[in-house]
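Shown next: final.pdb, containing PDB, C-alpha atoms.
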```pdb
MODEL        1
ATOM      1  CA  MET A 603      26.185   0.766   6.560
ATOM      2  CA  ILE A 604      25.276   1.209  10.254
ATOM      3  CA  ASN A 605      25.369  -1.909  12.404
ATOM      4  CA  LYS A 606      22.723  -1.660  15.140
ATOM      5  CA  MET A 607      23.605  -3.135  18.527
ATOM      6  CA  THR A 608      22.309  -3.160  22.090
ATOM      7  CA  LYS A 609      25.098  -1.065  23.612
ATOM      8  CA  GLY A 610      28.265   0.757  22.647
ATOM      9  CA  ILE A 611      30.509   3.784  23.028
ATOM     10  CA  TYR A 612      30.563   6.956  20.914
ATOM     11  CA  THR A 613      33.174   9.628  20.430
ATOM     12  CA  VAL A 614      33.587  12.519  17.983
ATOM     13  CA  ALA A 615      36.925  13.013  16.225
ATOM     14  CA  ASN A 616      38.881  14.202  13.214
ATOM     15  CA  ASP A 617      42.564  14.166  12.277
ATOM     16  CA  VAL A 618      43.260  17.199  14.507
ATOM     17  CA  VAL A 619      42.684  15.017  17.578
ATOM     18  CA  PHE A 620      44.147  11.850  16.046
ATOM     19  CA  ASP A 621      46.634  11.213  18.878
ATOM     20  CA  GLN A 622      43.917  11.560  21.525
ATOM     21  CA  LEU A 623      41.594   9.277  19.567
ATOM     22  CA  VAL A 624      44.216   6.521  19.322
ATOM     23  CA  ALA A 625      44.882   6.781  23.060
ATOM     24  CA  LEU A 626      41.148   6.629  23.805
ATOM     25  CA  LEU A 627      40.584   3.582  21.574
ATOM     26  CA  ASN A 628      43.569   1.785  23.093
ATOM     27  CA  SER A 629      42.381   2.545  26.625
ATOM     28  CA  ILE A 630      38.951   1.115  25.787
ATOM     29  CA  GLU A 631      40.573  -1.972  24.266
ATOM     30  CA  VAL A 632      42.658  -2.612  27.412
ATOM     31  CA  ASN A 633      40.267  -1.604  30.198
ATOM     32  CA  VAL A 634      36.837  -2.276  28.687
ATOM     33  CA  GLY A 635      37.599  -4.937  26.089
ATOM     34  CA  THR A 636      36.991  -5.467  22.391
ATOM     35  CA  ASP A 637      33.536  -6.956  22.976
ATOM     36  CA  THR A 638      32.132  -3.442  23.435
ATOM     37  CA  PRO A 639      31.641  -1.767  20.050
ATOM     38  CA  VAL A 640      32.814   1.795  19.469
ATOM     39  CA  CYS A 641      31.498   4.294  16.936
ATOM     40  CA  VAL A 642      33.631   7.271  15.905
ATOM     41  CA  ILE A 643      31.475  10.157  14.649
ATOM     42  CA  ALA A 644      33.143  12.430  12.091
ATOM     43  CA  TYR A 645      33.640  15.952  13.471
ATOM     44  CA  ASP A 646      34.157  17.236   9.925
ATOM     45  CA  ASP A 647      35.691  15.999   6.667
ATOM     46  CA  ARG A 648      39.303  15.927   7.951
ATOM     47  CA  THR A 649      39.259  12.220   8.770
ATOM     48  CA  GLU A 650      41.765  10.467   6.499
ATOM     49  CA  LYS A 651      43.998   9.287   9.373
ATOM     50  CA  VAL A 652      41.003   8.517  11.573
ATOM     51  CA  GLN A 653      39.449   6.236   8.966
ATOM     52  CA  ALA A 654      42.740   4.422   8.357
ATOM     53  CA  GLU A 655      43.039   3.769  12.094
ATOM     54  CA  ILE A 656      39.453   2.508  12.380
ATOM     55  CA  GLU A 657      40.068  -0.027   9.603
ATOM     56  CA  LYS A 658      42.629  -1.723  11.878
ATOM     57  CA  ARG A 659      40.061  -2.307  14.633
ATOM     58  CA  LYS A 660      37.283  -4.907  14.400
ATOM     59  CA  ASN A 661      35.102  -3.395  17.135
ATOM     60  CA  VAL A 662      35.187   0.191  15.792
ATOM     61  CA  GLN A 663      32.913   1.670  13.132
ATOM     62  CA  PHE A 664      32.818   5.121  11.525
ATOM     63  CA  LEU A 665      29.740   7.333  11.260
ATOM     64  CA  ASP A 666      29.801  10.022   8.593
ATOM     65  CA  ASN A 667      26.225  10.302   7.413
ATOM     66  CA  PRO A 668      24.969  13.741   6.312
ATOM     67  CA  GLU A 669      21.361  12.519   6.482
ATOM     68  CA  ILE A 670      21.705  11.780  10.200
ATOM     69  CA  PHE A 671      23.790  14.896  10.907
ATOM     70  CA  ALA A 672      21.533  17.395   9.116
ATOM     71  CA  PRO A 673      18.493  17.550  11.458
ATOM     72  CA  TRP A 674      20.701  17.824  14.559
ATOM     73  CA  GLU A 675      22.853  20.556  13.041
ATOM     74  CA  GLU A 676      19.729  22.437  11.954
ATOM     75  CA  PHE A 677      18.265  22.071  15.443
ATOM     76  CA  SER A 678      21.455  23.427  16.958
ATOM     77  CA  TYR A 679      21.484  26.366  14.561
ATOM     78  CA  GLN A 680      17.855  27.228  15.370
ATOM     79  CA  ALA A 681      18.540  26.876  19.100
ATOM     80  CA  TRP A 682      21.418  29.316  19.005
ATOM     81  CA  LYS A 683      19.509  31.640  16.708
ATOM     82  CA  ALA A 684      17.195  32.084  19.703
ATOM     83  CA  HIS A 685      20.099  33.462  21.757
ATOM     84  CA  PRO A 686      20.229  37.306  21.770
ATOM     85  CA  ASN A 687      23.714  37.644  20.282
ATOM     86  CA  ALA A 688      25.528  34.281  19.950
ATOM     87  CA  LEU A 689      25.493  34.003  16.137
ATOM     88  CA  ASN A 690      26.574  37.641  15.694
ATOM     89  CA  MET A 691      29.313  37.254  18.300
ATOM     90  CA  TRP A 692      30.688  34.153  16.558
ATOM     91  CA  ALA A 693      30.400  35.843  13.138
ATOM     92  CA  GLU A 694      32.609  38.691  14.399
ATOM     93  CA  LYS A 695      35.261  36.046  15.128
ATOM     94  CA  GLY A 696      34.959  34.640  11.610
ATOM     95  CA  ILE A 697      32.831  31.655  12.642
ATOM     96  CA  GLN A 698      29.908  31.014  10.339
ATOM     97  CA  GLY A 699      26.865  29.608  12.102
ATOM     98  CA  VAL A 700      27.300  27.735  15.397
ATOM     99  CA  ASN A 701      30.731  27.597  17.030
ATOM    100  CA  ARG A 702      32.207  24.068  16.863
ATOM    101  CA  ILE A 703      29.137  22.746  15.057
ATOM    102  CA  GLY A 704      30.885  19.383  14.570
ATOM    103  CA  MET A 705      30.571  18.673  18.280
ATOM    104  CA  ASN A 706      26.788  18.763  17.888
ATOM    105  CA  ARG A 707      27.063  15.538  15.945
ATOM    106  CA  ARG A 708      27.329  13.768  19.300
ATOM    107  CA  TYR A 709      23.541  14.233  19.498
ATOM    108  CA  CYS A 710      23.297  11.601  16.747
ATOM    109  CA  GLY A 711      23.606   8.988  19.486
ATOM    110  CA  PHE A 712      19.969   9.810  20.262
ATOM    111  CA  ASP A 713      18.855   9.485  16.629
ATOM    112  CA  PRO A 714      16.466   6.605  15.769
ATOM    113  CA  GLN A 715      18.969   5.524  13.070
ATOM    114  CA  ALA A 716      21.921   5.459  15.489
ATOM    115  CA  PRO A 717      23.825   2.188  16.044
ATOM    116  CA  PHE A 718      23.391   1.708  19.796
ATOM    117  CA  GLU A 719      20.233   1.317  21.870
ATOM    118  CA  ASN A 720      22.093   2.214  25.087
ATOM    119  CA  PHE A 721      25.313   4.178  24.812
ATOM    120  CA  MET A 722      28.077   6.112  26.465
ATOM    121  CA  TYR A 723      29.671   9.171  24.948
ATOM    122  CA  PHE A 724      33.300  10.092  25.681
ATOM    123  CA  ASP A 725      35.168  13.115  24.313
ATOM    124  CA  ALA A 726      38.245  12.085  22.335
ATOM    125  CA  ASP A 727      40.552  13.657  24.960
ATOM    126  CA  ILE A 728      39.626  11.004  27.544
ATOM    127  CA  LEU A 729      41.258   7.765  28.687
ATOM    128  CA  VAL A 730      38.895   5.049  29.911
ATOM    129  CA  LEU A 731      40.661   3.398  32.841
ATOM    130  CA  ASN A 732      38.164   0.899  34.221
ATOM    131  CA  SER A 733      35.258  -1.338  33.296
ATOM    132  CA  VAL A 734      32.142   0.622  32.356
ATOM    133  CA  GLU A 735      29.728  -2.267  32.854
ATOM    134  CA  TYR A 736      28.379  -0.697  36.056
ATOM    135  CA  ILE A 737      27.375   2.376  34.032
ATOM    136  CA  PHE A 738      25.537   0.291  31.450
ATOM    137  CA  LYS A 739      23.764  -1.514  34.312
ATOM    138  CA  GLN A 740      22.681   1.844  35.714
ATOM    139  CA  LEU A 741      21.141   2.653  32.309
ATOM    140  CA  ASP A 742      18.762  -0.255  32.893
ATOM    141  CA  LYS A 743      17.309   1.781  35.768
ATOM    142  CA  ASN A 744      17.855   5.378  34.579
ATOM    143  CA  ASP A 745      17.502   7.118  31.235
ATOM    144  CA  PHE A 746      20.510   9.397  31.671
ATOM    145  CA  VAL A 747      23.687   8.672  33.637
ATOM    146  CA  VAL A 748      26.746  10.851  34.332
ATOM    147  CA  TYR A 749      29.766  10.787  36.627
ATOM    148  CA  ASP A 750      31.296  14.169  37.280
ATOM    149  CA  PHE A 751      31.266  17.190  39.561
ATOM    150  CA  GLN A 752      30.234  19.988  37.182
ATOM    151  CA  TYR A 753      27.313  20.787  39.496
ATOM    152  CA  LYS A 754      29.853  22.572  41.692
ATOM    153  CA  ASP A 755      30.422  25.129  38.900
ATOM    154  CA  PRO A 756      27.300  26.022  36.879
ATOM    155  CA  SER A 757      29.077  29.024  35.320
ATOM    156  CA  HIS A 758      30.320  26.769  32.480
ATOM    157  CA  ILE A 759      26.815  25.502  31.736
ATOM    158  CA  PHE A 760      24.443  28.461  31.892
ATOM    159  CA  ASN A 761      24.663  32.248  31.798
ATOM    160  CA  LEU A 762      24.482  33.047  35.501
ATOM    161  CA  GLU A 763      23.997  36.742  34.690
ATOM    162  CA  SER A 764      20.659  36.044  33.020
ATOM    163  CA  PRO A 765      17.675  37.068  35.195
ATOM    164  CA  LYS A 766      15.702  34.468  33.267
ATOM    165  CA  LEU A 767      17.765  31.517  34.494
ATOM    166  CA  LEU A 768      16.074  30.962  37.853
ATOM    167  CA  GLU A 769      12.673  31.433  36.207
ATOM    168  CA  VAL A 770      13.444  28.446  33.977
ATOM    169  CA  PHE A 771      15.291  26.191  36.426
ATOM    170  CA  PRO A 772      15.221  26.479  40.216
ATOM    171  CA  GLU A 773      18.597  26.732  41.910
ATOM    172  CA  SER A 774      18.142  23.285  43.460
ATOM    173  CA  ARG A 775      18.026  21.668  39.999
ATOM    174  CA  ILE A 776      21.018  23.630  38.742
ATOM    175  CA  LYS A 777      23.011  22.477  41.760
ATOM    176  CA  SER A 778      22.099  18.836  41.272
ATOM    177  CA  GLU A 779      21.399  18.070  37.598
ATOM    178  CA  ILE A 780      24.021  19.760  35.430
ATOM    179  CA  PHE A 781      26.902  17.738  34.024
ATOM    180  CA  CYS A 782      30.035  17.996  31.906
ATOM    181  CA  ALA A 783      29.214  16.874  28.364
ATOM    182  CA  GLY A 784      32.623  15.190  27.992
ATOM    183  CA  PHE A 785      31.004  12.029  29.333
ATOM    184  CA  TYR A 786      27.401  10.905  29.655
ATOM    185  CA  ALA A 787      25.326   7.787  29.038
ATOM    186  CA  GLY A 788      21.897   7.760  27.414
ATOM    187  CA  LYS A 789      19.462   5.965  25.142
ATOM    188  CA  ARG A 790      18.547   6.026  21.489
ATOM    189  CA  GLY A 791      15.244   7.788  20.748
ATOM    190  CA  PHE A 792      15.510  10.719  23.141
ATOM    191  CA  PHE A 793      14.971  14.277  21.849
ATOM    192  CA  SER A 794      12.446  13.335  19.166
ATOM    193  CA  GLU A 795      11.427  15.810  16.485
ATOM    194  CA  SER A 796       8.378  16.902  18.491
ATOM    195  CA  GLN A 797      10.529  17.350  21.608
ATOM    196  CA  ARG A 798      13.018  19.441  19.637
ATOM    197  CA  GLU A 799      10.175  21.625  18.380
ATOM    198  CA  PHE A 800       9.037  22.142  21.987
ATOM    199  CA  LEU A 801      12.594  23.096  23.003
ATOM    200  CA  LEU A 802      12.897  25.615  20.165
ATOM    201  CA  GLU A 803       9.557  27.140  21.122
ATOM    202  CA  LYS A 804      10.788  27.640  24.695
ATOM    203  CA  LEU A 805      14.163  29.002  23.579
ATOM    204  CA  ASN A 806      12.448  31.475  21.237
ATOM    205  CA  SER A 807      10.147  32.622  24.047
ATOM    206  CA  GLY A 808      13.192  34.233  25.718
ATOM    207  CA  GLU A 809      14.877  31.262  27.348
ATOM    208  CA  GLY A 810      17.677  31.330  24.755
ATOM    209  CA  GLU A 811      19.510  33.950  26.812
ATOM    210  CA  ILE A 812      20.310  31.448  29.575
ATOM    211  CA  LEU A 813      22.637  29.424  27.306
ATOM    212  CA  TYR A 814      26.383  29.781  27.848
ATOM    213  CA  THR A 815      28.107  30.768  24.608
ATOM    214  CA  SER A 816      31.634  29.622  25.507
ATOM    215  CA  ALA A 817      30.549  25.961  25.733
ATOM    216  CA  PRO A 818      27.715  25.802  23.203
ATOM    217  CA  ASN A 819      27.281  22.036  22.967
ATOM    218  CA  GLN A 820      27.559  21.433  26.697
ATOM    219  CA  SER A 821      25.147  24.237  27.527
ATOM    220  CA  LEU A 822      22.524  23.220  24.991
ATOM    221  CA  LEU A 823      22.612  19.524  25.932
ATOM    222  CA  ASN A 824      22.121  20.381  29.604
ATOM    223  CA  TYR A 825      19.218  22.640  28.676
ATOM    224  CA  MET A 826      17.651  19.931  26.492
ATOM    225  CA  LYS A 827      17.768  17.307  29.225
ATOM    226  CA  MET A 828      16.590  19.608  32.011
ATOM    227  CA  ARG A 829      13.815  21.330  30.014
ATOM    228  CA  LEU A 830      12.343  17.928  29.130
ATOM    229  CA  ASP A 831      12.585  16.829  32.776
ATOM    230  CA  ILE A 832      14.710  13.787  31.984
ATOM    231  CA  PRO A 833      15.991  12.538  35.357
ATOM    232  CA  VAL A 834      19.749  12.132  35.660
ATOM    233  CA  TYR A 835      21.699   9.718  37.841
ATOM    234  CA  ASN A 836      25.102  11.090  38.817
ATOM    235  CA  PHE A 837      27.590   8.685  40.401
ATOM    236  CA  GLY A 838      29.403  11.776  41.669
ATOM    237  CA  PHE A 839      26.373  12.423  43.876
ATOM    238  CA  ASP A 840      25.108   8.972  44.630
ATOM    239  CA  LEU A 841      28.232   6.949  45.400
ATOM    240  CA  PRO A 842      29.399   7.029  49.044
ATOM    241  CA  PRO A 843      32.069   9.745  49.470
ATOM    242  CA  GLU A 844      34.815   7.169  50.027
ATOM    243  CA  LYS A 845      33.975   5.440  46.720
ATOM    244  CA  ARG A 846      33.851   8.534  44.487
ATOM    245  CA  THR A 847      36.774   9.357  42.228
ATOM    246  CA  GLY A 848      37.764  12.454  40.344
ATOM    247  CA  CYS A 849      38.051  12.460  36.563
ATOM    248  CA  SER A 850      40.001  15.570  35.513
ATOM    249  CA  VAL A 851      43.707  16.166  34.871
ATOM    250  CA  THR A 852      43.349  19.302  36.983
ATOM    251  CA  SER A 853      43.410  16.977  40.018
ATOM    252  CA  PRO A 854      47.094  16.449  40.873
ATOM    253  CA  HIS A 855      46.727  13.735  43.520
ATOM    254  CA  PHE A 856      45.884  10.621  41.457
ATOM    255  CA  GLU A 857      48.181   7.630  41.975
ATOM    256  CA  LYS A 858      49.457   5.633  39.016
ATOM    257  CA  ARG A 859      49.548   1.841  39.305
ATOM    258  CA  ASP A 860      49.884  -0.577  36.399
ATOM    259  CA  ASN A 861      48.957   2.111  33.850
ATOM    260  CA  VAL A 862      45.698   3.096  35.536
ATOM    261  CA  LEU A 863      45.006   5.795  38.116
ATOM    262  CA  TYR A 864      43.607   5.688  41.628
ATOM    263  CA  ASP A 865      41.972   8.367  43.753
ATOM    264  CA  LYS A 866      42.474   7.611  47.461
ATOM    265  CA  GLY A 867      42.601   3.909  46.677
ATOM    266  CA  GLU A 868      39.645   3.831  44.258
ATOM    267  CA  ARG A 869      40.301   3.194  40.580
ATOM    268  CA  LEU A 870      39.261   5.994  38.218
ATOM    269  CA  THR A 871      36.672   5.185  35.577
ATOM    270  CA  TYR A 872      38.052   7.785  33.177
ATOM    271  CA  LEU A 873      40.536  10.637  32.983
ATOM    272  CA  HIS A 874      39.567  13.758  31.031
ATOM    273  CA  TYR A 875      42.477  15.796  29.631
ATOM    274  CA  ILE A 876      40.333  18.887  29.758
ATOM    275  CA  GLY A 877      42.280  22.073  29.095
ATOM    276  CA  VAL A 878      45.221  20.293  27.428
ATOM    277  CA  SER A 879      45.195  21.465  23.823
ATOM    278  CA  SER A 880      45.322  19.015  20.930
ATOM    279  CA  LYS A 881      48.173  21.109  19.483
ATOM    280  CA  ARG A 882      50.306  20.553  22.579
ATOM    281  CA  ILE A 883      49.618  16.826  22.558
ATOM    282  CA  ALA A 884      50.459  16.631  18.830
ATOM    283  CA  ARG A 885      53.756  18.432  19.466
ATOM    284  CA  VAL A 886      54.631  15.988  22.240
ATOM    285  CA  CYS A 887      53.829  13.054  19.971
ATOM    286  CA  GLN A 888      56.100  14.619  17.343
ATOM    287  CA  GLY A 889      58.969  14.571  19.838
ATOM    288  CA  GLU A 890      58.870  17.920  21.649
ATOM    289  CA  ASN A 891      59.582  17.563  25.356
ATOM    290  CA  LEU A 892      56.557  19.491  26.627
ATOM    291  CA  ASP A 893      54.826  18.676  29.870
ATOM    292  CA  PHE A 894      51.164  18.222  30.662
ATOM    293  CA  PRO A 895      49.431  16.463  33.573
ATOM    294  CA  TYR A 896      49.604  12.662  33.535
ATOM    295  CA  ARG A 897      51.694  12.741  30.366
ATOM    296  CA  GLU A 898      53.257   9.306  30.879
ATOM    297  CA  ILE A 899      49.975   7.466  31.153
ATOM    298  CA  PHE A 900      48.690   9.229  28.037
ATOM    299  CA  LEU A 901      51.804   8.216  26.080
ATOM    300  CA  TYR A 902      51.464   4.631  27.304
ATOM    301  CA  TYR A 903      48.000   4.312  25.739
ATOM    302  CA  ARG A 904      48.818   6.410  22.678
ATOM    303  CA  TYR A 905      51.692   4.091  21.743
ATOM    304  CA  LEU A 906      50.312   0.841  23.131
ATOM    305  CA  ARG A 907      50.195  -0.777  19.687
ATOM    306  CA  GLU A 908      53.403   0.804  18.401
ATOM    307  CA  PRO A 909      55.767   1.279  21.371
ATOM    308  CA  ASP A 910      58.760   1.675  19.048
ATOM    309  CA  LYS A 911      57.279   4.961  17.803
ATOM    310  CA  ARG A 912      56.901   6.440  21.271
ATOM    311  CA  PRO A 913      59.024   9.610  21.560
ATOM    312  CA  GLN A 914      62.014   9.377  23.888
ATOM    313  CA  PHE A 915      62.835  12.447  25.952
ATOM    314  CA  THR A 916      65.906  13.549  27.873
ATOM    315  CA  GLY A 917      66.045  16.280  30.469
ATOM    316  CA  LYS A 918      63.184  18.066  32.156
ATOM    317  CA  PRO A 919      60.090  18.777  30.062
ATOM    318  CA  GLU A 920      59.040  22.329  29.381
ATOM    319  CA  PRO A 921      56.225  23.092  31.860
ATOM    320  CA  GLU A 922      52.733  23.692  30.542
ATOM    321  CA  ASN A 923      52.754  27.279  31.810
ATOM    322  CA  PRO A 924      56.423  28.251  32.065
ATOM    323  CA  PRO A 925      57.159  30.709  34.889
ATOM    324  CA  VAL A 926      57.627  34.295  33.799
ATOM    325  CA  ASN A 927      61.169  35.370  34.640
ATOM    326  CA  PHE A 928      62.035  38.673  36.279
ATOM    327  CA  MET A 929      63.230  40.475  33.125
ATOM    328  CA  THR A 930      60.132  39.443  31.175
ATOM    329  CA  LYS A 931      58.027  41.027  33.921
ATOM    330  CA  VAL A 932      60.120  44.201  33.745
ATOM    331  CA  PHE A 933      59.844  44.400  29.933
ATOM    332  CA  LYS A 934      56.064  43.892  30.144
ATOM    333  CA  LYS A 935      55.704  46.636  32.752
ATOM    334  CA  LEU A 936      57.722  49.031  30.564
ATOM    335  CA  GLY A 937      55.699  48.075  27.502
ATOM    336  CA  ILE A 938      58.773  46.650  25.725
ATOM    337  CA  ASN A 939      58.427  43.559  23.524
ATOM    338  CA  PRO A 940      61.945  42.052  23.475
TER     339      PRO A 940
ENDMDL
END
```

Would you encode the structure as structure tokens?
Amino acid sequence: MINKMTKGIYTVANDVVFDQLVALLNSIEVNVGTDTPVCVIAYDDRTEKVQAEIEKRKNVQFLDNPEIFAPWEEFSYQAWKAHPNALNMWAEKGIQGVNRIGMNRRYCGFDPQAPFENFMYFDADILVLNSVEYIFKQLDKNDFVVYDFQYKDPSHIFNLESPKLLEVFPESRIKSEIFCAGFYAGKRGFFSESQREFLLEKLNSGEGEILYTSAPNQSLLNYMKMRLDIPVYNFGFDLPPEKRTGCSVTSPHFEKRDNVLYDKGERLTYLHYIGVSSKRIARVCQGENLDFPYREIFLYYRYLREPDKRPQFTGKPEPENPPVNFMTKVFKKLGINP
């Protein structure tokens, strides 16, 4: 049964990202509070550990409803069918249909049957490090809210080689409206059936080629929002420069204080562990001394409820990208695999 509420937070997860999900839920509990409901959307059917974890948390519900998923998955399939070669390219890699189709289930936040009227979506590999009330307040004034700096790099949103791109969206919009789909805030009821039909018509008219195949969900969601002319408010643009904070683990300068992070004195709203694989995080949680950016703060939230299970390490961790030693370089140059 789906409990409908005024506002809440979504994420998508399965047992593969279990450690990240626990850290995310704990970070929300500490920095947002248990008054804000959370809904975990099933990525696929590998959710035994996820469901057991959700049962321990009063403010968290689980969404695994094929009736809600089906129209969004079909829409995604039809959208990518309009791309010149995406489905064939994925098929050659052994992927049937749309790559990472489970991530498309995030669109269910817009479904009329979805739990929350106003919502935020966070990828499971995120820590929420501050109150998000100011984002919900912004949703009272805007239909779509983001906080990131993806507009500086449109190459991970659209196919910049497509001559069609600037016919569909002027450069000024691309440089100001695109966003990383790891976090966004929106409202239930967007992208209605008639709107989805309009989008498919446009994609099938030749616009499908502008989508970026290496980030299918992110690319399509940006296209959907922009093609329907839904205005976006981006805190990364609109906050004064001295108040803006970064959000990615690729930024090495964040300061840790009391288990949250600061960027030049301003507290981060969230930290996205983008590029850190779930396999590496699982290995660390199993006791391997492997490094990744902001590892300690991740482990703090991952083991907040069970600190006795937190892995203890001695010695220096193995770096994320270990340096290639001289002999390895020599062997590679000679074509020898030692």

Item to check | the PyMOL selection byres ((chain A and resi 722-730) around 8) resolved against shown file, as a PyMOL selection string | outcome: chain A and resi 610-615+619+622-623+625-626+629-630+633-634+708+720-721+731-732+784-788+871-876+900

For those residues, write C-alpha atoms to a file as a JSON list (two decimals), keeping the file's coordinate frame.
```json
[["chain", "number", "residue", "atom", "x", "y", "z"],
["A", 610, "GLY", "CA", 28.26, 0.76, 22.65],
["A", 611, "ILE", "CA", 30.51, 3.78, 23.03],
["A", 612, "TYR", "CA", 30.56, 6.96, 20.91],
["A", 613, "THR", "CA", 33.17, 9.63, 20.43],
["A", 614, "VAL", "CA", 33.59, 12.52, 17.98],
["A", 615, "ALA", "CA", 36.92, 13.01, 16.23],
["A", 619, "VAL", "CA", 42.68, 15.02, 17.58],
["A", 622, "GLN", "CA", 43.92, 11.56, 21.52],
["A", 623, "LEU", "CA", 41.59, 9.28, 19.57],
["A", 625, "ALA", "CA", 44.88, 6.78, 23.06],
["A", 626, "LEU", "CA", 41.15, 6.63, 23.80],
["A", 629, "SER", "CA", 42.38, 2.54, 26.62],
["A", 630, "ILE", "CA", 38.95, 1.12, 25.79],
["A", 633, "ASN", "CA", 40.27, -1.60, 30.20],
["A", 634, "VAL", "CA", 36.84, -2.28, 28.69],
["A", 708, "ARG", "CA", 27.33, 13.77, 19.30],
["A", 720, "ASN", "CA", 22.09, 2.21, 25.09],
["A", 721, "PHE", "CA", 25.31, 4.18, 24.81],
["A", 731, "LEU", "CA", 40.66, 3.40, 32.84],
["A", 732, "ASN", "CA", 38.16, 0.90, 34.22],
["A", 784, "GLY", "CA", 32.62, 15.19, 27.99],
["A", 785, "PHE", "CA", 31.00, 12.03, 29.33],
["A", 786, "TYR", "CA", 27.40, 10.90, 29.66],
["A", 787, "ALA", "CA", 25.33, 7.79, 29.04],
["A", 788, "GLY", "CA", 21.90, 7.76, 27.41],
["A", 871, "THR", "CA", 36.67, 5.18, 35.58],
["A", 872, "TYR", "CA", 38.05, 7.78, 33.18],
["A", 873, "LEU", "CA", 40.54, 10.64, 32.98],
["A", 874, "HIS", "CA", 39.57, 13.76, 31.03],
["A", 875, "TYR", "CA", 42.48, 15.80, 29.63],
["A", 876, "ILE", "CA", 40.33, 18.89, 29.76],
["A", 900, "PHE", "CA", 48.69, 9.23, 28.04]]
```

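Nearest to Trp674 in chain A of all the residues A:Ser821, A:Thr815, A:Ser794, A:Asn806 is A:Ser794, based on all atoms listed in the file.
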
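The result of the PyMOL selection byres ((chain A and resi 717) around 10) on the shown file is Met603, Ile604, Asn605, Lys606, Met607, Thr608, Lys609, Gly610, Ile611, Tyr612, Pro639, Val640, Cys641, Gln663, Leu665, Cys710, Gly711, Phe712, Asp713, Pro714, Gln715, Ala716, Phe718, Glu719, Asn720, Phe721 and Arg790 of chain A.
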
Next on the checklist: Evaluate the PyMOL selection byres ((chain A and resi 671) around 12) against this structure - the residues, as a ChimeraX atom specification, please.
Outcome noted: /A:643-646,665-670,672-678,703-713,715-716

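For the pair CA of Ala783 in chain A and CA of Lys858 in chain A, the separation is 25.5 Å.
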
Next on the checklist: I want to know what sits within 10 Å of Tyr902 in chain A, based on all atoms listed in the file, with residues of the same chain fewer than 3 positions away left out; could you give that as number ranges by chain?
Outcome noted: A: 625, 628-629, 861, 897-899, 905-909, 912

Kindly provide the residues of range 748-818 of chain A that approach range 842-848 of chain A to within 9 Å, each paired with its closest atom pair and their distance in Å to one decimal, based on only C-alpha atoms, listed by chain and increasing number, as a tab-separated table.
```
residue	atom	partner	partner_atom	distance
A:Tyr749	CA	A:Gly848	CA	9.0
A:Asp750	CA	A:Gly848	CA	7.4
A:Phe751	CA	A:Gly848	CA	8.1
```

Grab the residues selected above and save them as a JSON list (two decimals), in the frame of the given file with C-alpha atoms.
```
[["chain", "number", "residue", "atom", "x", "y", "z"],
["A", 749, "TYR", "CA", 29.77, 10.79, 36.63],
["A", 750, "ASP", "CA", 31.30, 14.17, 37.28],
["A", 751, "PHE", "CA", 31.27, 17.19, 39.56]]
```

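Of the listed residues (A:Glu809, A:Glu650, A:Glu890, A:Asp865), A:Glu809 comes nearest to Asn761 in chain A; the distances count all atoms listed in the file.
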
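Closest approach to Val834 in chain A from the set A:Ser757, A:Thr636, A:Asn701, A:Ser778 is made by A:Ser778, with distances taken over only C-alpha atoms.
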
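Among the candidate residues A:Val642, A:Leu802, A:Met826, A:Ile812, the one lying nearest to Lys683 in chain A is A:Leu802, with distances computed using all atoms listed in the file.
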
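A straight line drawn from CA of Ser816 in chain A to CA of Ile759 in chain A is 8.9 Å long.
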
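Atom pair CA of Phe800 in chain A / CA of Ala693 in chain A: separated by 26.9 Å.
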
Checklist entry - Contacts of Val618 in chain A at 9 Å or less, counting only C-alpha atoms, minus same-chain residues fewer than 2 places along, as a PyMOL selection string? => result chain A and resi 615-616+620-621+648-649+880-881+884

Checklist entry - Looking at all atoms listed in the file, which of A:Arg775, A:Arg859, A:Lys804, A:Arg882 is the one that sits closest to Asp831 in chain A? => result A:Arg775

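Close contacts of Glu803 in chain A, defined as residues with an atom at most 12 Å away when counting all atoms listed in the file, with chain neighbours fewer than 4 positions off set aside, comprise Phe677, Gln680, Ala681, Lys683, Ala684, Ser796, Gln797, Arg798, Glu799, Ser807, Gly808, Glu809, Gly810 and Arg829 of chain A.
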
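The environment of Pro919 in chain A within 9 Å, counting all atoms listed in the file and disregarding residues fewer than 6 places along the same chain, consists of Glu890, Asn891, Leu892, Asp893 and Phe894 of chain A.
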
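Checking A:Ile832, A:Ser764, A:Lys789, A:Asn687 one by one against Phe738 in chain A, counting all atoms listed in the file, you find the shortest gap at A:Lys789.
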
Because some atoms of range 661-665 of chain A are absent here, can you restore N, CA and C atoms and send them as a tab-separated table (two decimals), in the frame of the given file?
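And here's part.tsv as it stands now:
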```tsv
chain	number	residue	atom	x	y	z
A	661	ASN	N	36.26	-3.82	16.33
A	661	ASN	CA	35.10	-3.40	17.14
A	661	ASN	C	34.76	-1.92	16.94
A	662	VAL	N	35.40	-1.25	15.98
A	662	VAL	CA	35.19	0.19	15.79
A	662	VAL	C	34.58	0.45	14.42
A	663	GLN	N	33.52	1.26	14.39
A	663	GLN	CA	32.91	1.67	13.13
A	663	GLN	C	32.94	3.19	13.02
A	664	PHE	N	32.71	3.69	11.82
A	664	PHE	CA	32.82	5.12	11.52
A	664	PHE	C	31.45	5.62	11.08
A	665	LEU	N	31.02	6.74	11.63
A	665	LEU	CA	29.74	7.33	11.26
A	665	LEU	C	29.98	8.69	10.61
```
